[in-house]
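Colleague: Supplied structure: data.csv, CSV, C-alpha atoms.
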```
chain,number,residue,atom,x,y,z
B,1,MET,CA,-88.5,9.4,59.1
B,2,SER,CA,-88.1,6.6,61.6
B,3,ASP,CA,-85.5,6.6,64.3
B,4,SER,CA,-83.8,3.5,62.8
B,5,LYS,CA,-83.4,5.2,59.4
B,6,ILE,CA,-81.9,8.3,61.1
B,7,GLU,CA,-79.5,6.1,63.0
B,8,LEU,CA,-78.4,4.4,59.8
B,9,LEU,CA,-77.9,7.7,58.1
B,10,GLU,CA,-75.8,9.0,61.0
B,11,LYS,CA,-73.6,5.9,61.0
B,12,ALA,CA,-73.1,6.1,57.2
B,13,LEU,CA,-72.2,9.8,57.5
B,14,LYS,CA,-69.8,9.0,60.3
B,15,ARG,CA,-68.1,6.3,58.2
B,16,GLU,CA,-67.9,8.7,55.2
B,17,LYS,CA,-66.2,11.4,57.4
B,18,LEU,CA,-63.7,8.9,58.7
B,19,ALA,CA,-63.0,7.7,55.1
B,20,ARG,CA,-62.6,11.3,53.9
B,21,LYS,CA,-60.2,12.0,56.8
B,22,GLU,CA,-58.2,8.9,55.9
B,23,ALA,CA,-58.1,9.9,52.3
B,24,GLU,CA,-57.1,13.4,53.2
B,25,LYS,CA,-54.3,12.1,55.3
B,26,ILE,CA,-53.0,9.8,52.6
B,27,LEU,CA,-53.3,12.6,50.0
B,28,GLU,CA,-51.3,14.9,52.4
B,29,GLU,CA,-48.6,12.3,52.8
B,30,LYS,CA,-48.4,11.6,49.0
B,31,SER,CA,-48.3,15.4,48.3
B,32,LEU,CA,-45.4,15.7,50.8
B,33,GLU,CA,-43.6,12.8,49.1
B,34,LEU,CA,-44.2,14.3,45.7
B,35,TYR,CA,-42.9,17.7,46.9
B,36,GLU,CA,-39.8,16.2,48.3
B,37,VAL,CA,-39.2,14.2,45.0
B,38,ASN,CA,-39.8,17.3,43.0
B,39,GLN,CA,-37.3,19.3,45.1
B,40,ASN,CA,-34.7,16.5,44.8
B,41,LEU,CA,-35.3,16.5,41.0
B,42,ILE,CA,-34.8,20.3,40.8
B,43,THR,CA,-31.6,19.9,42.8
B,44,VAL,CA,-30.3,17.2,40.6
B,45,LEU,CA,-31.2,19.1,37.4
B,46,ASP,CA,-29.5,22.2,38.8
B,47,GLU,CA,-26.4,20.2,39.6
B,48,LYS,CA,-26.3,18.6,36.2
B,49,GLU,CA,-26.7,22.0,34.5
B,50,ILE,CA,-23.9,23.3,36.6
B,51,GLN,CA,-21.7,20.3,35.8
B,52,LEU,CA,-22.5,20.6,32.0
B,53,GLU,CA,-21.8,24.3,32.1
B,54,SER,CA,-18.6,23.7,33.9
B,55,LEU,CA,-17.6,20.9,31.5
B,56,PHE,CA,-18.5,23.2,28.6
B,57,LYS,CA,-16.3,26.0,29.9
B,58,THR,CA,-13.3,23.7,30.7
B,59,ILE,CA,-13.0,22.0,27.3
B,60,VAL,CA,-9.5,22.8,26.2
B,61,ASP,CA,-10.2,22.8,22.4
B,62,PRO,CA,-12.7,25.2,20.8
B,63,TYR,CA,-16.3,23.9,21.0
B,64,ILE,CA,-19.2,25.3,18.9
B,65,LEU,CA,-22.9,24.6,18.7
B,66,MET,CA,-24.6,25.9,15.6
B,67,ASP,CA,-28.0,25.6,13.8
B,68,LEU,CA,-28.2,23.8,10.5
B,69,TYR,CA,-27.5,27.0,8.6
B,70,GLY,CA,-24.1,27.6,10.2
B,71,ASN,CA,-25.2,30.2,12.7
B,72,VAL,CA,-23.3,29.7,15.9
B,73,VAL,CA,-25.6,29.5,18.9
B,74,LYS,CA,-23.1,28.8,21.6
B,75,MET,CA,-19.3,28.4,21.9
B,76,ASN,CA,-16.8,28.0,24.8
B,77,ASP,CA,-14.0,30.4,25.8
B,78,ALA,CA,-11.5,28.5,23.7
B,79,ALA,CA,-13.6,29.0,20.6
B,80,THR,CA,-14.0,32.7,21.3
B,81,THR,CA,-10.3,33.0,21.6
B,82,PHE,CA,-9.5,31.0,18.5
B,83,PHE,CA,-12.0,32.6,16.1
B,84,GLY,CA,-12.0,36.0,17.7
B,85,TYR,CA,-15.8,36.5,17.8
B,86,ASN,CA,-17.9,37.2,20.9
B,87,LEU,CA,-21.5,36.0,20.5
B,88,GLU,CA,-22.7,38.5,23.1
B,89,LYS,CA,-21.6,41.4,20.8
B,90,GLN,CA,-22.0,40.0,17.3
B,91,SER,CA,-23.4,37.1,15.4
B,92,PHE,CA,-21.1,34.5,13.8
B,93,ASN,CA,-21.6,32.1,10.9
B,94,VAL,CA,-19.0,29.4,10.4
B,95,THR,CA,-19.3,29.6,6.6
B,96,SER,CA,-17.8,33.1,6.7
B,97,THR,CA,-14.5,31.7,8.1
B,98,LEU,CA,-13.9,29.1,5.4
B,99,TYR,CA,-10.9,29.3,3.2
B,100,LYS,CA,-12.1,30.0,-0.4
B,101,GLU,CA,-10.4,27.0,-2.0
B,102,ASP,CA,-11.8,24.6,0.7
B,103,ILE,CA,-15.4,25.7,0.4
B,104,PRO,CA,-16.5,22.9,-2.0
B,105,TYR,CA,-14.9,20.2,0.2
B,106,ALA,CA,-16.5,21.8,3.3
B,107,MET,CA,-20.0,21.7,1.7
B,108,LYS,CA,-19.5,18.1,0.6
B,109,SER,CA,-18.5,17.1,4.1
B,110,TYR,CA,-21.4,19.0,5.7
B,111,SER,CA,-23.8,17.1,3.4
B,112,GLU,CA,-22.3,13.9,4.7
B,113,LEU,CA,-22.8,15.1,8.2
B,114,LEU,CA,-26.5,15.8,7.5
B,115,GLU,CA,-26.8,12.3,5.9
B,116,LYS,CA,-24.9,10.2,8.4
B,117,GLY,CA,-25.3,12.3,11.6
B,118,VAL,CA,-21.6,12.3,12.3
B,119,PHE,CA,-18.4,13.4,10.5
B,120,ARG,CA,-14.9,12.7,11.9
B,121,ASN,CA,-11.4,14.1,11.3
B,122,PHE,CA,-12.6,16.8,8.9
B,123,ARG,CA,-9.7,19.0,7.9
B,124,THR,CA,-9.9,22.4,6.4
B,125,ARG,CA,-8.4,25.9,6.4
B,126,VAL,CA,-10.3,28.8,8.1
B,127,TYR,CA,-9.8,32.5,8.8
B,128,ASN,CA,-10.0,33.9,12.2
B,129,LYS,CA,-11.2,37.5,12.8
B,130,LYS,CA,-7.7,38.8,12.2
B,131,ARG,CA,-7.8,37.0,8.7
B,132,GLU,CA,-5.1,34.7,9.7
B,133,VAL,CA,-5.2,31.3,8.0
B,134,ARG,CA,-5.3,28.3,10.4
B,135,TRP,CA,-5.6,24.6,9.7
B,136,ILE,CA,-8.2,22.9,11.8
B,137,GLU,CA,-9.5,19.3,12.4
B,138,ILE,CA,-13.2,18.9,13.4
B,139,ASN,CA,-15.1,16.0,14.8
B,140,SER,CA,-18.8,16.9,14.5
B,141,SER,CA,-22.3,15.3,15.1
B,142,LEU,CA,-25.9,16.3,14.9
B,143,VAL,CA,-28.3,17.1,17.8
B,144,PHE,CA,-31.8,15.7,17.4
B,145,ASP,CA,-35.2,16.8,19.0
B,146,LYS,CA,-37.6,14.4,20.6
B,147,ASP,CA,-39.1,13.5,17.2
B,148,ASN,CA,-35.6,12.6,15.9
B,149,ASN,CA,-35.3,15.6,13.6
B,150,PRO,CA,-31.9,17.3,13.4
B,151,VAL,CA,-31.9,20.7,14.9
B,152,PHE,CA,-28.3,21.6,15.7
B,153,ALA,CA,-24.8,20.5,14.8
B,154,HIS,CA,-21.9,20.6,17.3
B,155,GLY,CA,-18.3,19.7,17.3
B,156,ILE,CA,-14.8,20.0,18.8
B,157,VAL,CA,-12.3,22.1,16.7
B,158,ARG,CA,-8.6,21.3,17.0
B,159,ASP,CA,-6.0,23.8,15.7
B,160,ILE,CA,-3.4,21.6,13.8
B,161,THR,CA,-1.5,24.4,12.1
B,162,GLU,CA,1.7,23.9,14.1
B,163,ASP,CA,1.4,20.1,13.9
B,164,LEU,CA,1.1,20.2,10.1
B,165,LYS,CA,4.0,22.7,9.9
B,166,PHE,CA,6.2,20.4,12.1
B,167,GLN,CA,5.1,17.4,10.0
B,168,ASN,CA,6.0,19.1,6.8
B,169,GLU,CA,9.4,20.2,8.2
B,170,ARG,CA,10.1,16.7,9.4
B,171,GLU,CA,9.2,15.2,6.0
B,172,GLU,CA,11.4,17.8,4.2
B,173,LEU,CA,14.2,17.0,6.7
B,174,LEU,CA,13.8,13.2,6.0
B,175,ARG,CA,13.9,13.8,2.3
B,176,ASN,CA,17.0,15.9,2.6
B,177,LEU,CA,18.5,13.3,5.0
B,178,THR,CA,17.8,10.5,2.5
B,179,ILE,CA,19.5,12.4,-0.3
B,180,SER,CA,22.5,13.3,1.9
B,181,ASN,CA,22.9,9.7,3.1
B,182,LYS,CA,22.8,8.4,-0.5
B,183,GLU,CA,25.3,11.0,-1.6
B,184,LEU,CA,27.6,10.1,1.4
B,185,ASN,CA,27.3,6.4,0.7
B,186,ASP,CA,28.1,7.0,-3.0
B,187,PHE,CA,31.0,9.3,-2.0
B,188,ALA,CA,32.4,6.6,0.3
B,189,HIS,CA,32.3,4.0,-2.4
B,190,VAL,CA,33.8,6.3,-5.1
B,191,VAL,CA,36.6,7.6,-2.8
B,192,SER,CA,37.3,4.1,-1.5
B,193,HIS,CA,37.5,2.7,-5.1
B,194,ASP,CA,39.7,5.6,-6.1
B,195,LEU,CA,42.0,5.1,-3.1
B,196,LYS,CA,42.4,1.4,-3.5
B,197,ALA,CA,43.9,1.7,-7.0
B,198,PRO,CA,46.9,3.8,-6.0
B,199,LEU,CA,47.3,1.7,-2.9
B,200,ARG,CA,47.7,-1.4,-5.0
B,201,SER,CA,50.2,0.4,-7.2
B,202,MET,CA,52.1,1.6,-4.1
B,203,ASN,CA,52.2,-1.9,-2.6
B,204,ALA,CA,53.5,-3.3,-6.0
B,205,LEU,CA,56.2,-0.6,-6.2
B,206,VAL,CA,57.4,-1.1,-2.6
B,207,THR,CA,57.6,-4.9,-3.3
B,208,TRP,CA,59.6,-4.3,-6.5
B,209,LEU,CA,61.9,-1.9,-4.7
B,210,GLN,CA,62.4,-4.5,-1.9
B,211,GLU,CA,63.4,-7.0,-4.6
B,212,ASP,CA,65.6,-4.6,-6.5
B,213,PHE,CA,67.5,-3.4,-3.5
B,214,SER,CA,67.4,-6.7,-1.6
B,215,SER,CA,71.2,-6.8,-1.3
B,216,VAL,CA,71.3,-3.2,0.1
B,217,ILE,CA,68.4,-3.9,2.5
B,218,LYS,CA,70.1,-7.1,3.7
B,219,ASP,CA,73.0,-5.1,5.0
B,220,ASN,CA,71.0,-2.2,6.4
B,221,GLU,CA,68.6,-3.0,9.2
B,222,GLU,CA,67.2,0.6,9.3
B,223,ILE,CA,66.2,0.5,5.6
B,224,ASP,CA,64.7,-2.9,6.1
B,225,GLN,CA,62.5,-1.7,9.0
B,226,ASN,CA,61.4,1.3,7.0
B,227,PHE,CA,60.3,-0.9,4.1
B,228,HIS,CA,58.3,-3.1,6.6
B,229,LEU,CA,56.8,0.0,8.2
B,230,LEU,CA,55.8,1.4,4.8
B,231,ILE,CA,54.1,-1.9,3.9
B,232,LYS,CA,52.3,-1.9,7.3
B,233,LYS,CA,51.0,1.6,6.6
B,234,ILE,CA,49.7,0.6,3.2
B,235,ASP,CA,48.0,-2.5,4.8
B,236,LYS,CA,46.4,-0.3,7.4
B,237,MET,CA,45.1,2.1,4.8
B,238,ASP,CA,43.6,-0.9,3.0
B,239,HIS,CA,41.9,-2.0,6.2
B,240,LEU,CA,40.6,1.5,6.8
B,241,ILE,CA,39.1,1.7,3.3
B,242,ASN,CA,37.4,-1.7,3.8
B,243,GLY,CA,36.1,-0.4,7.2
B,244,ILE,CA,34.7,2.7,5.5
B,245,LEU,CA,32.8,0.5,3.0
B,246,LYS,CA,31.4,-1.7,5.7
B,247,TYR,CA,30.3,1.3,7.9
B,248,ALA,CA,28.7,3.0,4.9
B,249,GLY,CA,26.8,-0.2,4.0
B,250,VAL,CA,25.3,-1.0,7.4
B,251,ASP,CA,22.1,0.9,6.9
B,252,LYS,CA,21.8,0.1,3.1
B,253,VAL,CA,20.9,-3.6,3.7
B,254,GLU,CA,17.1,-4.1,3.9
B,255,ARG,CA,16.0,-4.3,7.5
B,256,SER,CA,14.2,-7.7,7.4
B,257,GLN,CA,12.5,-9.0,10.5
B,258,ASN,CA,13.1,-12.8,10.3
B,259,LYS,CA,13.6,-15.3,13.1
B,260,VAL,CA,17.4,-15.6,13.6
B,261,ASN,CA,18.9,-18.4,15.7
B,262,LEU,CA,21.8,-16.7,17.5
B,263,SER,CA,23.3,-20.0,18.5
B,264,ILE,CA,23.9,-20.8,14.8
B,265,VAL,CA,25.1,-17.3,14.1
B,266,LEU,CA,27.7,-17.5,16.9
B,267,LYS,CA,28.8,-20.9,15.8
B,268,GLU,CA,29.4,-19.7,12.3
B,269,ILE,CA,31.4,-16.7,13.5
B,270,ILE,CA,33.7,-18.7,15.7
B,271,GLU,CA,34.3,-21.3,12.9
B,272,ASN,CA,35.1,-18.6,10.4
B,273,ILE,CA,37.2,-16.0,12.3
B,274,GLN,CA,40.9,-16.6,13.2
B,275,VAL,CA,41.2,-17.5,16.8
B,276,PRO,CA,44.8,-17.5,18.2
B,277,LYS,CA,45.9,-20.6,20.1
B,278,HIS,CA,46.2,-18.7,23.4
B,279,VAL,CA,42.6,-17.5,23.3
B,280,SER,CA,39.6,-19.6,24.3
B,281,ILE,CA,36.0,-18.6,23.5
B,282,ASN,CA,33.2,-19.7,25.8
B,283,VAL,CA,29.6,-19.3,24.6
B,284,LEU,CA,27.4,-19.8,27.7
B,285,GLU,CA,24.1,-21.7,27.4
B,286,GLU,CA,21.8,-21.9,24.3
B,287,PHE,CA,21.2,-18.6,22.8
B,288,PRO,CA,17.7,-17.4,21.9
B,289,ILE,CA,16.0,-17.1,18.6
B,290,ILE,CA,15.2,-13.4,18.0
B,291,ARG,CA,13.7,-11.3,15.2
B,292,GLY,CA,16.0,-9.3,13.0
B,293,ASP,CA,18.3,-9.4,10.0
B,294,LYS,CA,20.9,-12.2,10.1
B,295,PHE,CA,23.5,-10.2,8.1
B,296,ARG,CA,23.5,-7.3,10.6
B,297,LEU,CA,23.4,-9.6,13.7
B,298,HIS,CA,26.3,-11.5,12.3
B,299,GLN,CA,28.2,-8.2,11.8
B,300,LEU,CA,27.3,-7.1,15.3
B,301,PHE,CA,28.6,-10.2,17.2
B,302,GLN,CA,31.6,-10.7,14.8
B,303,ASN,CA,32.9,-7.2,15.5
B,304,LEU,CA,32.4,-7.6,19.3
B,305,ILE,CA,34.1,-11.1,19.4
B,306,SER,CA,36.9,-10.1,17.1
B,307,ASN,CA,37.6,-7.0,19.2
B,308,ALA,CA,37.6,-9.1,22.4
B,309,ILE,CA,40.0,-11.6,20.8
B,310,LYS,CA,42.3,-8.8,19.8
B,311,TYR,CA,42.6,-7.3,23.3
B,312,ALA,CA,42.3,-10.5,25.4
B,313,ASN,CA,45.2,-11.5,27.7
B,314,LYS,CA,48.3,-12.2,25.6
B,315,GLU,CA,49.3,-15.3,27.6
B,316,GLN,CA,45.9,-17.0,28.3
B,317,GLY,CA,43.1,-15.1,26.7
B,318,GLU,CA,39.5,-15.7,27.6
B,319,VAL,CA,36.4,-14.5,25.7
B,320,THR,CA,33.0,-15.2,27.2
B,321,VAL,CA,29.7,-14.6,25.3
B,322,SER,CA,26.4,-14.7,27.4
B,323,PHE,CA,22.9,-13.2,27.6
B,324,ILE,CA,20.1,-12.3,30.0
B,325,ASP,CA,16.4,-12.7,29.1
B,326,LEU,CA,14.7,-9.6,30.4
B,327,GLU,CA,10.9,-8.7,30.2
B,328,ASN,CA,11.2,-6.4,27.2
B,329,ASN,CA,14.8,-6.8,26.1
B,330,TRP,CA,17.6,-9.2,25.4
B,331,GLU,CA,20.8,-8.2,27.0
B,332,PHE,CA,24.0,-9.7,25.5
B,333,LYS,CA,27.5,-9.5,26.9
B,334,VAL,CA,30.9,-10.1,25.3
B,335,LYS,CA,33.7,-10.2,27.9
B,336,ASP,CA,37.4,-10.5,27.6
B,337,ASN,CA,40.2,-10.7,30.2
B,338,GLY,CA,42.5,-8.1,28.5
B,339,ILE,CA,44.1,-4.9,29.6
B,340,GLY,CA,40.8,-3.0,29.9
B,341,ILE,CA,39.9,0.5,28.9
B,342,GLU,CA,40.1,3.7,30.9
B,343,GLU,CA,36.7,5.2,31.8
B,344,LYS,CA,37.5,8.4,29.9
B,345,TYR,CA,37.5,6.4,26.7
B,346,HIS,CA,34.3,4.5,27.2
B,347,LYS,CA,32.3,6.8,24.9
B,348,LYS,CA,35.0,7.7,22.5
B,349,ILE,CA,35.6,4.1,21.3
B,350,PHE,CA,32.1,4.0,19.7
B,351,ASP,CA,32.9,7.0,17.4
B,352,VAL,CA,34.0,6.2,13.9
B,353,PHE,CA,37.8,6.0,13.3
B,354,GLN,CA,38.6,6.1,17.0
B,355,THR,CA,41.1,3.5,18.2
B,356,LEU,CA,43.2,3.3,21.3
B,357,ASP,CA,46.3,1.7,19.7
B,358,ASP,CA,48.4,1.9,16.6
B,359,ASN,CA,47.9,-1.7,15.5
B,360,ASN,CA,47.9,-1.8,11.7
B,361,SER,CA,44.6,-3.8,11.6
B,362,SER,CA,42.8,-1.4,14.0
B,363,THR,CA,40.7,1.0,11.9
B,364,GLY,CA,38.5,2.4,14.6
B,365,VAL,CA,35.4,1.3,12.6
B,366,GLY,CA,34.4,-2.0,14.2
B,367,LEU,CA,32.8,-0.6,17.3
B,368,SER,CA,31.2,2.2,15.4
B,369,ILE,CA,29.6,-0.4,13.2
B,370,VAL,CA,28.3,-2.1,16.4
B,371,ASN,CA,26.9,1.2,17.6
B,372,LYS,CA,25.3,1.9,14.3
B,373,ILE,CA,23.6,-1.6,14.1
B,374,VAL,CA,22.3,-1.3,17.7
B,375,SER,CA,20.9,2.1,17.0
B,376,LEU,CA,19.1,0.8,13.9
B,377,TYR,CA,17.3,-1.7,16.1
B,378,GLY,CA,16.4,0.9,18.8
B,379,GLY,CA,18.8,-0.7,21.3
B,380,LYS,CA,21.7,0.4,23.5
B,381,VAL,CA,25.4,-0.4,23.8
B,382,TRP,CA,27.7,0.3,26.6
B,383,VAL,CA,31.0,-0.9,28.1
B,384,ASN,CA,32.1,-1.8,31.6
B,385,SER,CA,35.9,-1.8,32.0
B,386,GLY,CA,38.9,-0.6,33.9
B,387,ILE,CA,42.7,-0.8,33.6
B,388,ASN,CA,43.8,-4.5,34.0
B,389,LYS,CA,40.2,-5.5,34.8
B,390,GLY,CA,39.2,-6.8,31.4
B,391,THR,CA,36.3,-5.4,29.3
B,392,SER,CA,32.6,-6.3,29.0
B,393,PHE,CA,30.6,-4.9,26.1
B,394,HIS,CA,26.8,-5.0,26.8
B,395,ILE,CA,24.1,-4.9,24.1
B,396,SER,CA,20.4,-4.4,24.9
B,397,LEU,CA,18.0,-5.2,22.0
B,398,PRO,CA,14.2,-4.8,22.3
B,399,LYS,CA,12.2,-8.0,21.8
```
Turn this file's structure into structure tokens for me.

Modeller:
Amino acid sequence: MSDSKIELLEKALKREKLARKEAEKILEEKSLELYEVNQNLITVLDEKEIQLESLFKTIVDPYILMDLYGNVVKMNDAATTFFGYNLEKQSFNVTSTLYKEDIPYAMKSYSELLEKGVFRNFRTRVYNKKREVRWIEINSSLVFDKDNNPVFAHGIVRDITEDLKFQNEREELLRNLTISNKELNDFAHVVSHDLKAPLRSMNALVTWLQEDFSSVIKDNEEIDQNFHLLIKKIDKMDHLINGILKYAGVDKVERSQNKVNLSIVLKEIIENIQVPKHVSINVLEEFPIIRGDKFRLHQLFQNLISNAIKYANKEQGEVTVSFIDLENNWEFKVKDNGIGIEEKYHKKIFDVFQTLDDNNSSTGVGLSIVNKIVSLYGGKVWVNSGINKGTSFHISLPK
């Protein structure tokens, strides 16, 4: 072989060695990168597994994972506590816990789960290991393999036994309350009707007696005062009966939610009630249009304004009606410049039949009607007052 060919072969061999070293260097670098990526992936997977395991253990409600035949594969501590089974010691199939009468519905629901892949708000009765019957609500879904075939079903189980018990008790209480309210309303109307008849007879008899003994009464001031006192007491009883009927009927009117123009309502009230000459009523600014029942709102403001007129200053009475537009509420105020109310009576005045004077027209029902109407609308009523400082009644109604 010639020297030139040998030289060419040596150069080619040298280039091949250099290329191989370069390739080995690149391969070593890539292997190192791959190793680092692999280590990071292992770390991430370990972290995710720890996170999932932690999440699994900290789920408050019972959680179960089962195969498609109902055999429980895994469940959290809450499920172990609820059902009373420990998978490390014994197997557990959910079908064995089903309440006998609920099995057909449970099977139908499970078929829907297999068909749709998810089933929500499934309610049934189950037995725990102690054979106690509990109501549960389950939200369940299927777990699929890489070929999209269902392999498991899992779900969150919520014990609703106490919730249903409370709901049933509340419904029973509401039924009894409805019956009691109806009986009380009927009783109020019957009693009021039965009382009005003898009152009318008493009023007629007293009037006849006054006429028959007019000559005697004329000469005896004490007898005349007694007759007037008797008539006043009869009138007060009549007012009281009317107040009972109004109070009993407040919550019987259908609670409609129409738009009500309070400016019009207040105008109608002021035009229709008797306002003494010494009292002036000031309605500040244009009142809002709110949603509610016109009849009730008319009752509400009429009682407040009539009450303010009654207790306004006897020489120059002033009644002011105003409102504030708050973010979530309307706040209304009816203010008078009367004698005021001691703080110890601020709550008492809203109780039925509670009045602070012996006026024959004061039944102690007006403010209790106000309180009842405000409660029906989920609002609040309170009073700010003091002796010789006038009185302000505040009403807060949600928008």

Colleague: As a list in words, please: the residues near B:Gly292 (cut-off 12 Å, all atoms listed in the file, same-chain neighbours under 6 positions excluded).

Modeller: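 Counting only the stated atoms, we get Val253, Glu254, Arg255, Ser256, Gln257, Asn258, Lys259, Val260, Asn261, Leu262, His298, Leu300, Ile373, Val374, Leu376, Tyr377, Gly378, Leu397, Pro398 and Lys399 of chain B.
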
Colleague: Separation of atom CA of B:Asn384 and atom CA of B:Ile289, in Å?

Modeller: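 Straight-line distance from atom CA of B:Asn384 to atom CA of B:Ile289 works out to 25.7 Å.
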
Colleague: Can you measure atom CA of B:Asn313 to atom CA of B:Asp238 for me? One decimal in Å is fine.

Modeller: 26.9 Å

Colleague: Return the single residue from B:Gly317, B:Ser385, B:Leu68, B:Ile223 that is closest to B:Lys344, with distances computed using all atoms listed in the file.

Modeller: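 Distance minimum relative to B:Lys344 lands on B:Ser385.
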
Colleague: Using only C-alpha atoms, find the one residue out of B:Lys380, B:His228, B:Arg120, B:Lys294 that sits nearest to B:Ile156.

Modeller: B:Arg120

Colleague: Atom CA of B:Met75 and atom CA of B:Ser140 are how many Å apart?

Modeller: 13.7 Å

Colleague: If we count all atoms listed in the file and set the cut-off at 12 Å, which residues sit around B:Glu101, ignoring sequence neighbours fewer than 6 positions away in its own chain? Please answer as a PyMOL selection string.

Modeller: chain B and resi 107+124-126

Colleague: Now that the selection is made, can you save its residues with C-alpha atoms as a compact mmCIF listing (two decimals), in the coordinates of the input?

Modeller:
```
# COMPACT_ATOMS: atom_id res chain seq x y z
CA MET B 107 -20.00 21.70 1.70
CA THR B 124 -9.90 22.40 6.40
CA ARG B 125 -8.40 25.90 6.40
CA VAL B 126 -10.30 28.80 8.10
```
